[in-house]
Every structure is written in C-alpha cells, then in structure tokens.
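**Student:** What follows is work_16.txt, compact mmCIF, C-alpha atoms and all ligand atoms.
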# COMPACT_ATOMS: atom_id res chain seq x y z
CA MET J 1 0.00 0.00 0.00
CA ILE J 2 1.47 3.32 -1.05
CA LEU J 3 0.97 6.38 1.10
CA MET J 4 -2.44 7.87 0.29
CA ARG J 5 -4.19 10.04 2.83
CA THR J 6 -7.93 10.40 3.02
CA VAL J 7 -7.80 12.14 6.40
CA SER J 8 -5.43 15.02 7.12
CA GLN J 9 -2.75 14.70 9.74
CA ASN J 10 -0.04 16.83 11.31
CA PRO J 11 2.81 16.81 10.64
CA VAL J 12 2.03 16.63 6.97
CA ILE J 13 5.41 15.55 5.69
CA THR J 14 6.88 12.69 7.70
CA SER J 15 9.60 11.10 5.55
CA ILE J 16 12.16 13.88 5.88
CA PHE J 17 12.38 16.78 8.31
CA THR J 18 11.08 20.03 6.82
CA ALA J 19 10.75 23.49 8.35
CA ASP J 20 9.95 27.15 7.59
CA PRO J 21 7.17 26.48 5.04
CA SER J 22 6.44 29.24 2.52
CA ALA J 23 3.28 28.24 0.66
CA HIS J 24 2.14 29.65 -2.68
CA VAL J 25 -0.67 28.94 -5.12
CA TRP J 26 0.49 29.12 -8.74
CA ASP J 27 -1.34 29.32 -12.06
CA ASP J 28 -1.41 25.53 -12.50
CA GLY J 29 -3.98 25.43 -9.67
CA ARG J 30 -1.71 23.56 -7.28
CA ILE J 31 -0.40 24.78 -3.96
CA TYR J 32 3.36 24.55 -3.36
CA ILE J 33 5.41 24.48 -0.17
CA TYR J 34 8.97 25.83 -0.34
CA ALA J 35 10.53 24.43 2.81
CA SER J 36 13.93 24.23 4.38
CA HIS J 37 15.27 20.78 5.21
CA ASP J 38 16.56 19.91 8.69
CA MET J 39 19.40 17.47 8.18
CA ASP J 40 19.41 14.50 10.53
CA PRO J 41 21.40 14.30 12.78
CA ALA J 42 21.24 18.05 13.40
CA ARG J 43 23.87 20.41 14.77
CA GLY J 44 21.75 23.39 15.70
CA CYS J 45 20.59 24.70 12.31
CA ASP J 46 24.16 24.58 10.94
CA LEU J 47 23.87 21.59 8.64
CA MET J 48 20.63 22.52 6.86
CA ASP J 49 21.73 22.12 3.32
CA ARG J 50 19.07 21.59 0.71
CA TYR J 51 15.57 22.63 -0.27
CA HIS J 52 12.76 20.31 -1.31
CA VAL J 53 9.49 21.59 -2.75
CA PHE J 54 6.14 19.88 -2.17
CA SER J 55 2.89 20.36 -4.08
CA SER J 56 -0.71 19.30 -3.69
CA GLU J 57 -4.16 19.68 -5.13
CA ASP J 58 -6.12 18.16 -2.28
CA MET J 59 -4.13 19.53 0.73
CA LEU J 60 -3.86 15.98 2.13
CA ASN J 61 -1.44 14.28 -0.24
CA TRP J 62 1.80 16.12 -0.94
CA THR J 63 4.01 15.29 -3.91
CA ASP J 64 7.69 15.69 -3.19
CA GLU J 65 8.81 17.69 -6.24
CA GLY J 66 12.45 16.96 -5.34
CA GLU J 67 15.45 18.97 -4.33
CA ILE J 68 15.83 22.37 -6.03
CA LEU J 69 19.01 23.82 -4.50
CA ARG J 70 21.77 22.90 -2.07
CA SER J 71 24.67 24.87 -0.65
CA ASP J 72 27.12 23.30 -3.15
CA ASP J 73 25.19 25.11 -5.91
CA VAL J 74 25.80 28.54 -4.34
CA SER J 75 28.95 29.95 -5.97
CA TRP J 76 29.28 32.81 -3.46
CA GLY J 77 28.35 30.73 -0.39
CA ARG J 78 30.45 29.89 2.65
CA PRO J 79 32.99 27.16 1.82
CA GLU J 80 31.73 24.86 4.58
CA GLY J 81 28.14 24.83 3.22
CA GLY J 82 25.07 24.28 5.41
CA PHE J 83 22.95 27.19 6.69
CA MET J 84 20.34 27.06 3.93
CA TRP J 85 17.63 28.65 6.08
CA ALA J 86 14.04 29.73 5.59
CA PRO J 87 13.29 30.42 1.88
CA ASP J 88 10.52 31.97 -0.17
CA CYS J 89 9.42 31.97 -3.81
CA ALA J 90 7.69 34.51 -6.06
CA TYR J 91 6.39 34.45 -9.63
CA LYS J 92 6.54 37.30 -12.12
CA ASN J 93 6.28 37.44 -15.92
CA GLY J 94 6.82 33.74 -16.52
CA VAL J 95 9.72 33.33 -14.07
CA TYR J 96 9.79 31.77 -10.60
CA TYR J 97 12.21 33.47 -8.20
CA PHE J 98 13.49 31.41 -5.30
CA TYR J 99 14.97 33.45 -2.41
CA TYR J 100 17.05 31.96 0.37
CA PRO J 101 19.27 33.21 3.20
CA HIS J 102 22.82 31.88 3.23
CA PRO J 103 26.12 33.17 4.68
CA SER J 104 28.95 34.06 2.33
CA GLY J 105 31.71 33.43 4.85
CA THR J 106 32.99 31.00 7.45
CA ASN J 107 31.94 33.53 10.07
CA TRP J 108 28.32 32.78 9.25
CA ASN J 109 26.54 35.07 11.68
CA ASP J 110 28.10 38.22 10.20
CA THR J 111 27.92 37.30 6.52
CA TRP J 112 24.27 36.57 5.77
CA LYS J 113 23.08 37.36 2.27
CA ILE J 114 19.84 36.73 0.42
CA GLY J 115 20.44 34.58 -2.64
CA ALA J 116 18.15 34.24 -5.63
CA ALA J 117 17.67 31.41 -8.12
CA THR J 118 15.31 31.43 -11.08
CA SER J 119 13.39 28.94 -13.18
CA LYS J 120 10.59 28.78 -15.73
CA SER J 121 9.06 25.99 -13.60
CA PRO J 122 7.79 26.19 -10.04
CA ALA J 123 9.75 23.25 -8.65
CA LYS J 124 12.68 22.25 -10.87
CA ASP J 125 15.52 23.62 -13.00
CA PHE J 126 16.39 26.52 -10.68
CA VAL J 127 19.61 28.31 -11.60
CA GLU J 128 21.50 30.34 -9.04
CA GLN J 129 21.67 34.10 -9.86
CA GLY J 130 23.91 35.45 -7.11
CA TYR J 131 22.74 37.46 -4.13
CA ILE J 132 20.72 40.65 -3.79
CA ASP J 133 23.05 43.59 -3.27
CA GLY J 134 22.11 45.86 -0.39
CA LEU J 135 20.42 43.23 1.79
CA GLY J 136 21.81 41.06 4.51
CA GLY J 137 24.44 41.45 7.16
CA PHE J 138 23.87 40.47 10.75
CA ALA J 139 20.86 38.19 11.17
CA MET J 140 19.02 39.57 8.14
CA ILE J 141 17.57 36.18 7.26
CA ASP J 142 14.15 34.75 6.32
CA PRO J 143 13.34 36.55 3.04
CA CYS J 144 9.68 37.03 2.17
CA VAL J 145 8.61 38.47 -1.17
CA PHE J 146 5.14 39.92 -1.58
CA ILE J 147 3.70 41.08 -4.92
CA ASP J 148 0.91 43.61 -4.63
CA ASP J 149 -2.16 43.85 -6.89
CA ASP J 150 -0.48 46.66 -8.85
CA GLY J 151 2.46 44.36 -9.67
CA LYS J 152 4.93 46.07 -7.33
CA ALA J 153 7.15 43.57 -5.50
CA TYR J 154 8.47 43.98 -1.95
CA ILE J 155 11.11 42.02 -0.10
CA TYR J 156 11.27 41.67 3.68
CA THR J 157 14.06 40.20 5.76
CA GLY J 158 14.62 40.00 9.45
CA GLY J 159 16.09 38.33 12.45
CA GLY J 160 17.72 39.28 15.72
CA ASN J 161 14.77 41.52 16.67
CA ARG J 162 14.87 43.65 13.51
CA CYS J 163 12.66 43.51 10.43
CA GLN J 164 13.27 45.48 7.24
CA GLY J 165 11.40 45.85 3.98
CA CYS J 166 11.82 47.60 0.63
CA GLU J 167 10.62 47.55 -2.96
CA LEU J 168 12.26 45.36 -5.60
CA ASN J 169 12.99 46.44 -9.16
CA ASP J 170 11.19 44.72 -12.03
CA ASP J 171 14.14 42.30 -12.35
CA MET J 172 13.12 40.97 -8.91
CA ILE J 173 16.76 40.66 -7.83
CA SER J 174 17.80 44.26 -7.24
CA LEU J 175 16.46 46.87 -4.83
CA LYS J 176 14.41 49.86 -5.96
CA THR J 177 14.34 51.47 -2.51
CA GLN J 178 16.59 51.32 0.52
CA PRO J 179 15.68 48.74 3.20
CA ALA J 180 13.77 50.45 6.02
CA ASP J 181 12.91 49.19 9.49
CA MET J 182 9.32 47.98 9.79
CA GLU J 183 7.81 50.14 12.53
CA GLY J 184 5.10 49.04 14.98
CA LEU J 185 5.90 45.33 15.45
CA ALA J 186 5.86 44.07 19.04
CA ASP J 187 8.56 41.60 20.15
CA PHE J 188 9.70 40.78 16.60
CA HIS J 189 12.14 37.86 16.36
CA GLU J 190 12.20 36.44 12.78
CA ALA J 191 10.09 34.59 10.14
CA THR J 192 8.45 37.53 8.35
CA TRP J 193 5.50 36.75 6.07
CA VAL J 194 3.38 39.39 4.30
CA PHE J 195 -0.01 38.90 2.64
CA LYS J 196 -3.02 41.03 1.75
CA ARG J 197 -6.72 40.44 2.42
CA ASN J 198 -9.61 42.81 1.74
CA GLY J 199 -7.19 45.69 1.12
CA ILE J 200 -5.38 45.19 4.45
CA TYR J 201 -1.71 44.20 4.57
CA TYR J 202 -0.72 41.65 7.21
CA LEU J 203 2.81 41.04 8.48
CA THR J 204 3.21 37.85 10.53
CA TYR J 205 6.35 36.87 12.43
CA SER J 206 7.69 34.81 15.33
CA ASP J 207 8.32 36.35 18.72
CA ASN J 208 11.02 35.91 21.39
CA LEU J 209 9.24 33.78 24.00
CA PRO J 210 12.24 31.79 25.29
CA GLY J 211 12.32 28.25 23.90
CA ARG J 212 8.71 28.48 22.76
CA ASN J 213 8.35 31.12 20.04
CA ARG J 214 4.81 32.09 19.14
CA MET J 215 3.50 33.75 15.97
CA ARG J 216 2.27 37.32 16.09
CA TYR J 217 0.95 39.74 13.50
CA ALA J 218 0.45 43.38 12.65
CA ILE J 219 -1.60 45.13 9.97
CA SER J 220 -1.21 48.21 7.80
CA GLU J 221 -2.76 50.14 4.94
CA ASN J 222 0.62 50.13 3.20
CA PRO J 223 2.91 47.24 2.27
CA LEU J 224 5.86 48.85 4.06
CA GLY J 225 3.95 50.02 7.13
CA PRO J 226 3.90 51.64 9.60
CA TRP J 227 2.28 48.59 11.22
CA THR J 228 -0.29 48.28 13.98
CA TYR J 229 0.38 45.33 16.25
CA LYS J 230 -2.64 43.04 16.63
CA GLY J 231 -1.62 40.05 18.75
CA ILE J 232 -0.61 36.40 18.93
CA PHE J 233 -2.32 33.97 16.58
CA LEU J 234 -0.21 30.81 17.04
CA GLU J 235 0.61 29.67 20.56
CA PRO J 236 3.80 27.64 21.10
CA THR J 237 4.10 24.38 19.19
CA SER J 238 6.28 21.46 20.30
CA CYS J 239 9.23 23.40 18.85
CA ASP J 240 11.33 26.24 20.19
CA THR J 241 11.33 28.08 16.85
CA SER J 242 8.14 29.07 15.04
CA HIS J 243 7.84 29.99 11.38
CA GLY J 244 4.83 30.08 9.11
CA SER J 245 2.98 31.33 6.06
CA VAL J 246 -0.67 32.34 5.64
CA VAL J 247 -2.28 31.46 2.31
CA GLU J 248 -5.72 31.23 0.72
CA TYR J 249 -6.38 28.16 -1.42
CA LYS J 250 -9.72 27.40 -3.07
CA GLY J 251 -11.53 29.91 -0.84
CA GLN J 252 -10.11 28.74 2.49
CA TRP J 253 -7.28 30.32 4.51
CA TYR J 254 -4.54 28.15 6.00
CA LEU J 255 -1.55 28.52 8.28
CA PHE J 256 1.53 26.52 7.31
CA TYR J 257 3.92 26.15 10.24
CA HIS J 258 6.26 23.60 11.78
CA ASN J 259 6.51 21.57 14.97
CA CYS J 260 8.78 18.86 16.40
CA ASP J 261 6.17 16.17 17.04
CA ILE J 262 7.92 13.45 15.04
CA SER J 263 11.43 13.93 16.38
CA GLY J 264 10.91 15.46 19.80
CA ALA J 265 14.08 17.41 18.96
CA GLY J 266 14.16 21.18 18.45
CA ASN J 267 16.16 21.16 15.24
CA LEU J 268 14.40 18.28 13.51
CA ARG J 269 11.16 19.93 12.51
CA SER J 270 8.13 18.96 10.42
CA VAL J 271 5.66 21.02 8.40
CA CYS J 272 2.06 21.21 9.61
CA ILE J 273 -1.11 22.81 8.20
CA ASP J 274 -4.25 24.07 9.93
CA TYR J 275 -7.16 26.31 9.08
CA LEU J 276 -6.80 30.02 9.79
CA TYR J 277 -9.93 32.09 10.38
CA PHE J 278 -10.52 35.84 10.48
CA ASN J 279 -12.96 37.76 12.64
CA GLY J 280 -15.41 40.16 11.00
CA ASP J 281 -13.07 43.09 11.67
CA GLY J 282 -10.15 41.40 9.90
CA THR J 283 -8.29 40.28 13.02
CA ILE J 284 -6.97 36.71 13.06
CA LYS J 285 -8.40 34.05 15.38
CA THR J 286 -5.94 31.87 17.31
CA VAL J 287 -5.09 28.89 15.13
CA VAL J 288 -6.17 25.54 16.56
CA GLN J 289 -3.28 23.09 16.21
CA THR J 290 -4.68 19.70 15.21
CA LYS J 291 -3.21 16.21 15.01
CA LYS J 292 -5.72 14.46 12.75
CA GLY J 293 -8.67 15.48 10.60
CA GLY J 294 -8.05 19.19 11.05
CA ILE J 295 -8.51 20.06 7.40
CA LYS J 296 -10.63 18.58 4.62
CA SER J 297 -9.66 17.45 1.12
CA THR J 298 -9.89 20.14 -1.55
CA GLY J 299 -9.54 18.03 -4.66
CA ASN J 300 -8.29 14.91 -6.36
CA PRO J 301 -5.66 12.66 -4.80
CA PRO J 302 -2.61 11.96 -6.95
CA VAL J 303 -2.56 9.21 -9.58
CA PHE J 304 0.42 6.86 -9.52
CA ASP J 305 2.09 4.92 -12.31
CA MET J 306 4.30 2.65 -10.24
CA ARG J 307 7.02 0.18 -10.99
CA LYS J 308 7.53 -2.13 -8.07
CA TYR J 309 10.86 -3.67 -7.03
CA HIS J 310 11.86 -6.24 -4.46
CA GLY J 311 15.26 -6.02 -2.84
CA ILE J 312 18.16 -8.08 -4.12
CA THR J 313 21.30 -8.35 -2.07
CA GLY J 314 23.52 -10.82 -0.36
CA ALA J 315 26.55 -8.77 0.39
CA TYR J 316 25.84 -8.40 4.09
CA GLY J 317 25.05 -12.03 4.86
CA ASN J 318 23.24 -12.75 8.09
CA LYS J 319 22.55 -9.10 8.92
CA ILE J 320 19.57 -9.30 6.59
CA THR J 321 16.54 -11.57 6.80
CA PHE J 322 14.93 -12.50 3.50
CA HIS J 323 11.22 -13.26 3.45
CA LYS J 324 9.41 -15.55 1.01
CA ASP J 325 7.31 -12.68 -0.27
CA GLY J 326 10.43 -10.75 -1.29
CA ALA J 327 10.49 -8.52 1.78
CA ILE J 328 13.79 -7.90 3.54
CA SER J 329 14.34 -7.21 7.24
CA LEU J 330 17.05 -4.78 8.17
CA PRO J 331 17.51 -5.68 11.82
CA LEU J 332 20.85 -4.03 12.53
CA GLU J 333 22.44 -0.72 11.85
CA ASP J 334 24.57 -0.92 8.73
CA SER J 335 22.54 -3.73 7.19
CA VAL J 336 22.02 -2.85 3.56
CA CYS J 337 19.42 -3.56 0.95
CA ASN J 338 20.20 -3.02 -2.73
CA TYR J 339 17.82 -2.51 -5.63
CA PRO J 340 19.89 -2.71 -8.82
CA ASN J 341 18.49 -2.34 -12.34
CA VAL J 342 15.85 0.20 -11.39
CA ASP J 343 14.28 1.62 -14.54
CA GLY J 344 14.64 5.39 -14.72
CA GLY J 345 12.75 5.73 -18.03
CA ASN J 346 14.11 8.73 -19.91
CA GLY J 347 15.91 9.89 -16.77
CA GLY J 348 15.01 12.72 -14.39
CA ARG J 349 12.83 13.03 -11.34
CA ALA J 350 11.27 9.96 -9.76
CA THR J 351 9.58 9.43 -6.43
CA ILE J 352 10.74 6.39 -4.52
CA TYR J 353 8.10 4.94 -2.20
CA ILE J 354 9.36 2.51 0.42
CA ASN J 355 6.75 0.24 1.94
CA TYR J 356 7.84 -0.86 5.39
CA GLU J 357 6.81 -2.28 8.75
CA THR J 358 8.42 -1.45 12.07
CA ASP J 359 7.80 -1.66 15.79
CA GLU J 360 10.19 1.20 16.44
CA LYS J 361 8.66 4.56 17.28
CA LEU J 362 10.91 6.18 14.69
CA ALA J 363 13.07 3.88 12.56
CA LYS J 364 15.43 5.54 10.08
CA VAL J 365 16.95 4.35 6.84
CA HIS J 366 19.66 6.05 4.83
CA LEU J 367 18.96 6.27 1.11
CA THR J 368 21.54 6.55 -1.64
CA VAL J 369 20.75 6.55 -5.33
CA ASN J 370 23.60 5.83 -7.73
CA ASP J 371 25.96 6.64 -4.85
CA THR J 372 24.39 10.08 -4.24
CA ASP J 373 23.35 10.76 -0.66
CA CYS J 374 19.58 11.36 -0.49
CA SER J 375 19.12 11.95 3.26
CA LEU J 376 17.92 9.82 6.11
CA LEU J 377 14.32 8.74 5.68
CA ASN J 378 12.03 8.62 8.69
CA MET J 379 9.98 5.48 9.19
CA PRO J 380 7.65 6.22 12.11
CA ASP J 381 5.50 3.35 13.39
CA THR J 382 2.42 5.44 12.63
CA GLU J 383 3.04 5.08 8.85
CA ASN J 384 3.87 2.25 6.47
CA CYS J 385 5.39 4.20 3.63
CA ALA J 386 8.25 6.69 3.31
CA TYR J 387 8.85 8.63 0.11
CA ILE J 388 11.27 11.04 -1.45
CA THR J 389 11.88 12.36 -4.94
CA VAL J 390 15.33 11.84 -6.43
CA ASN J 391 16.98 11.93 -9.84
CA LEU J 392 17.42 8.71 -11.80
CA HIS J 393 19.58 8.05 -14.87
CA LYS J 394 18.00 7.18 -18.18
CA GLY J 395 17.63 3.41 -18.60
CA THR J 396 17.69 0.49 -16.24
CA ASP J 397 21.09 0.71 -14.54
CA ASN J 398 19.99 2.74 -11.51
CA ILE J 399 21.00 1.41 -8.12
CA ILE J 400 18.92 2.28 -5.08
CA ASN J 401 20.47 1.44 -1.76
CA LEU J 402 18.91 1.45 1.71
CA THR J 403 21.09 1.26 4.81
CA ASN J 404 19.51 0.77 8.20
CA ALA J 405 20.28 3.80 10.35
CA LYS J 406 18.05 3.23 13.39
CA GLY J 407 15.77 0.47 14.64
CA ASN J 408 14.51 -2.79 13.19
CA VAL J 409 12.58 -2.32 9.99
CA LYS J 410 11.13 -4.71 7.42
CA ILE J 411 11.17 -3.37 3.86
CA ASN J 412 8.37 -5.01 1.91
CA TYR J 413 9.18 -3.39 -1.42
CA ILE J 414 10.00 -0.12 -3.08
CA ALA J 415 7.96 1.43 -5.86
CA VAL J 416 9.17 4.06 -8.28
CA ASP J 417 6.95 6.70 -9.87
CA LEU J 418 8.57 8.58 -12.77
CA PHE J 419 7.76 12.25 -13.39
CA ASN J 420 6.83 13.16 -16.94
CA ASP J 421 9.41 15.93 -17.17
O1 LIG J 501 15.36 27.12 9.86
C1 LIG J 501 16.40 27.97 10.28
C2 LIG J 501 15.83 29.15 11.01
O2 LIG J 501 15.05 28.73 12.12
C3 LIG J 501 14.89 29.99 10.20
O3 LIG J 501 15.53 30.79 9.26
C4 LIG J 501 14.18 30.70 11.29
O4 LIG J 501 13.03 31.37 10.89
C5 LIG J 501 13.91 29.57 12.24
O5 LIG J 501 12.77 28.84 11.87
Written as structure tokens, that's how I'd like the structure from this file.

**Tutor:**
Amino acid sequence: MILMRTVSQNPVITSIFTADPSAHVWDDGRIYIYASHDMDPARGCDLMDRYHVFSSEDMLNWTDEGEILRSDDVSWGRPEGGFMWAPDCAYKNGVYYFYYPHPSGTNWNDTWKIGAATSKSPAKDFVEQGYIDGLGGFAMIDPCVFIDDDGKAYIYTGGGNRCQGCELNDDMISLKTQPADMEGLADFHEATWVFKRNGIYYLTYSDNLPGRNRMRYAISENPLGPWTYKGIFLEPTSCDTSHGSVVEYKGQWYLFYHNCDISGAGNLRSVCIDYLYFNGDGTIKTVVQTKKGGIKSTGNPPVFDMRKYHGITGAYGNKITFHKDGAISLPLEDSVCNYPNVDGGNGGRATIYINYETDEKLAKVHLTVNDTDCSLLNMPDTENCAYITVNLHKGTDNIINLTNAKGNVKINYIAVDLFND
C-alpha cells in the first residue's frame, strides 16, 4: 500500500524533516510548499543544506517535487556549506524566483546574504543568480517576497529583533528602494511573512518567548507600514522556533507552520497545516493546532504509475533476513538492501516509495541513489510508507540502496513513480 491520505494529519510531511514552510498557489492550480530541510542528525541549524518543494491539489497528499538547490550550488556561499535557512518563492512574468538566506563566509553570523535562483518551472531547474546587493548582514535572514495587486514587489528580511522591507525592481533581484525598518511590530524575532486580504496588509512573524516562540501579526494600509500590532495567533508548538505562512487556497485560509512532534528534537522539525480564520473586523483568530482530521480534502488525490521492485542483495550475509514474499528485514544498523536495475525511463525526477513495517517509534533508513546521498528517511510506526523524490539516470542501470540507520525495519518493497518531465 502506497501512502495515500484520506484524512489530514499533522505533521504533513513525515519522511524527511522540513521546516519554515512558505506556501504559494500558482497558475497551474496547485499549492506549493517551499521548505527548508533539517538534516538528521542536526547540529543546531548549521547543517541545513538543501531545499525540497512539495505540491498538492487536495491539501492531504503532498508530492515531493524533489530537491531544487543545495549549498554546493551557491557559488558565493560559505565554503563549509550548510545554513540554507528559511526560503521563499515569487512568480513574475513567466519566471519563478526562489529566495534563500545563506552566509557568504565562514563567520556565518556576520555574513548573511539573500540569494536568488530562477526557473521557468515552479519546482525544478532553478539556476543560481547570485545574491541581492544591499540586503543582509547580521541576522538579516528569512526573506519574504510579496507582490501587490499593482504588480509592485516587496522584499522583507529579518532576524535578531529587527525587520526590514523595501521595494524590488522589475528584475526581482535588485532593490528599488533602501531597506527600512518595519515600525510598529511588538517583540519581533524572525520569520516575516506578508499577505493582503480585503485591502489590508498583514505582516506575521515569530516572537522571542524563550524556547517556545509564538507567531504574532500586525496590519497596515501600506505594504511597508507603519504597522499596527494586533496580537498572537499561534501559541507555542512542540518546537522552540516558530515559522509560518498564511495562504488562501480554493476559498479557504490556512496557516503553514512547523513543529517537532515526530522527532521530539528542536532542530528536527516537520511542516504542519491548519485552518486560519478571520474575525469580521479582519483580526486573526488563534489557530487551533490539530493532530488528525483538522482540514478537509480540496480536490483529487494523486494518480500513480508505479514500478515495483523487491530487494536483491547478499553482500551483508546474516545481517539481513529475506522473506518468502520478497520482503527484507534490516535488523541491525549498517545492514544494507540493494535494488539494482531500477528503470529510470528517460531519466530525471522519480519518487521512490518505500513500503515498510516497524515496531520502532521512529526507525530511520539512509537512502543513496547511484551513490548520491539522499538523506535519512524517517519510518515512524504510525506510517507504512516513506517517500522522497530523487533523480534517476536514463535506462535500467539505476542502483537504489537502503542502509539501516536506526531500529529494526522490514522493507516489503520499493515502488518508483517517474515524473513526466
Ligand atoms: O530554519 C532555520 C531558522 O530557524 C529559520 O531561518 C528561522 O526562521 C527559524 O525557523
């Protein structure tokens, strides 16, 4: 059975750790999440290194669109990599602009810049375009780009108790005005998000409550303020950081945020979604954080065209148990399961679904594809399928390799769904 949700649950994405969700609805009618990726094991937020994008039509089932950028791709980035923090994406005149904070030097805290990458597609083929001159410096992280009804684009950054905003030029990667402090925010920490509803501009952000950041908001009649503080709308989650985006999709408003429910660890976070409601006067009601059934389906679940593979390996002898039905048990750390000869079609993106059983609360398996590291995959006992989108070669010589990283786990089979890129 491949992962298919008919009832919503939080966290939404369980197979890898994702944080800082920026959600956008694009012209293809789908909703996309641009998230940062907490690398497991974590070292603070230092090792965060790559961005995956997720999309959906029904809000319950999320396609992993694959990785769009990692620190190795950033020509001007710090030599040690990591620190690919909360991103955002914007669309203008046929181009998608992906914005991300990243330090340019070893001394990361003093060298933050806001990078930009562009593509003609919402979730693939992004090409790095350098960083935006005039932004950045100490703690100026968490870019948010808002495009107003008149087509004017604004960029906001902020961290370390300071939030700034300014207008972008039409090229979307240079500044039209000087960054100015956003006035009127109470207890601003980071995680700026700007949206507009009924002619009112909203600026949401996380506050400084020690170890348990909440989300607050302010409103204005202008995209660059001054702002009028309005209150807290997300109480603490299971996480010390808080970061979210507010989006309308098919007539309903949602809050995308993250918590630590899967890991129990502050730097291994997971994206969640809940309804967001407004009062008659435009103020925001406190978001109710749900575990199951909090939101309803808004459309069709995805259609799969799977090729199914059973594991073939012998290299690790008695560390692996083979089952008559083709399943393989990976009972020890370092036991390995190989899937050679996986058909990659014409080559390109493919989602690998791994059907498993485990009694562990949170088993973990390390995935490599053709010797490329593709992260640790979470296998919580509340699920039976983990999935991730990777790149396969053209033809049938792809090798998928699973190494047990934590806990006993039985791999029933993997299934591969090729994108029609
Ligand atoms: O994910 C790294 C950092 O943690 C983000 O940039 C902040 O907003 C906080 O969520």

**Student:** With all atoms listed in the file as the basis for distance, which of J:Gly407, J:Pro223, J:Gly44, J:Pro380 is at the shortest distance from Ser263 in chain J?

**Tutor:**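 Closest to Ser263 in chain J, using all atoms listed in the file: J:Pro380.
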
**Student:** Could you give me the residues within 8 Å of ligand LIG 501 (chain J), counting only C-alpha atoms and all ligand atoms, as number ranges by chain?

**Tutor:** J: 19-20, 36-38, 45, 48, 83-87, 101, 141-142, 159, 190-191, 206, 241-243

**Student:** Do you have the CA of Met182 in chain J-CA of Asn107 in chain J distance handy?

**Tutor:**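 CA of Asn107 in chain J lies at a distance of 26.8 Å from CA of Met182 in chain J.
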
**Student:** Neighbouring residues of Ser121 in chain J were defined as those with any atom within 9 Å, considering all atoms listed in the file; residues of the same chain fewer than 6 positions away were excluded. Please report them as a PyMOL selection string.

**Tutor:** chain J and resi 94-96

**Student:** Restricting the calculation to all atoms listed in the file: of J:Tyr34, J:Phe233, J:Tyr51, J:Tyr257, which residue gets closest to Ser375 in chain J?

**Tutor:** J:Tyr51

**Student:** So, counting all atoms listed in the file, which residue among J:Arg30, J:Asp149, J:Lys176, J:Lys308 is closest to Ile132 in chain J?

**Tutor:**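 Using all atoms listed in the file, Ile132 in chain J sits closest to J:Lys176.
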
**Student:** Give me the residues near Val409 in chain J as number ranges by chain, where near means some atom within 8 Å (using all atoms listed in the file) and where sequence neighbours in that chain fewer than 3 positions away do not count.

**Tutor:** J: 329-331, 356-360, 363, 404

**Student:** Need the shell around Val246 in chain J: protein/DNA/RNA residues with any atom at most 9 Å away, counting all atoms listed in the file. Skip same-chain ones fewer than 5 positions apart. Format as a list in words?

**Tutor:**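 Near Val246 in chain J, the qualifying residues are Ser22, Ala23, Trp193, Val194, Phe195, Thr204, Trp253, Tyr254, Leu255, Phe256, Tyr257 and Leu276 of chain J.
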
**Student:** Under the rule that all atoms listed in the file are counted, which of J:Phe98, J:Glu67, J:Ser15, J:Asp148 is the nearest residue to Thr382 in chain J?

**Tutor:**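 For Thr382 in chain J, the nearest of the candidates is J:Ser15.
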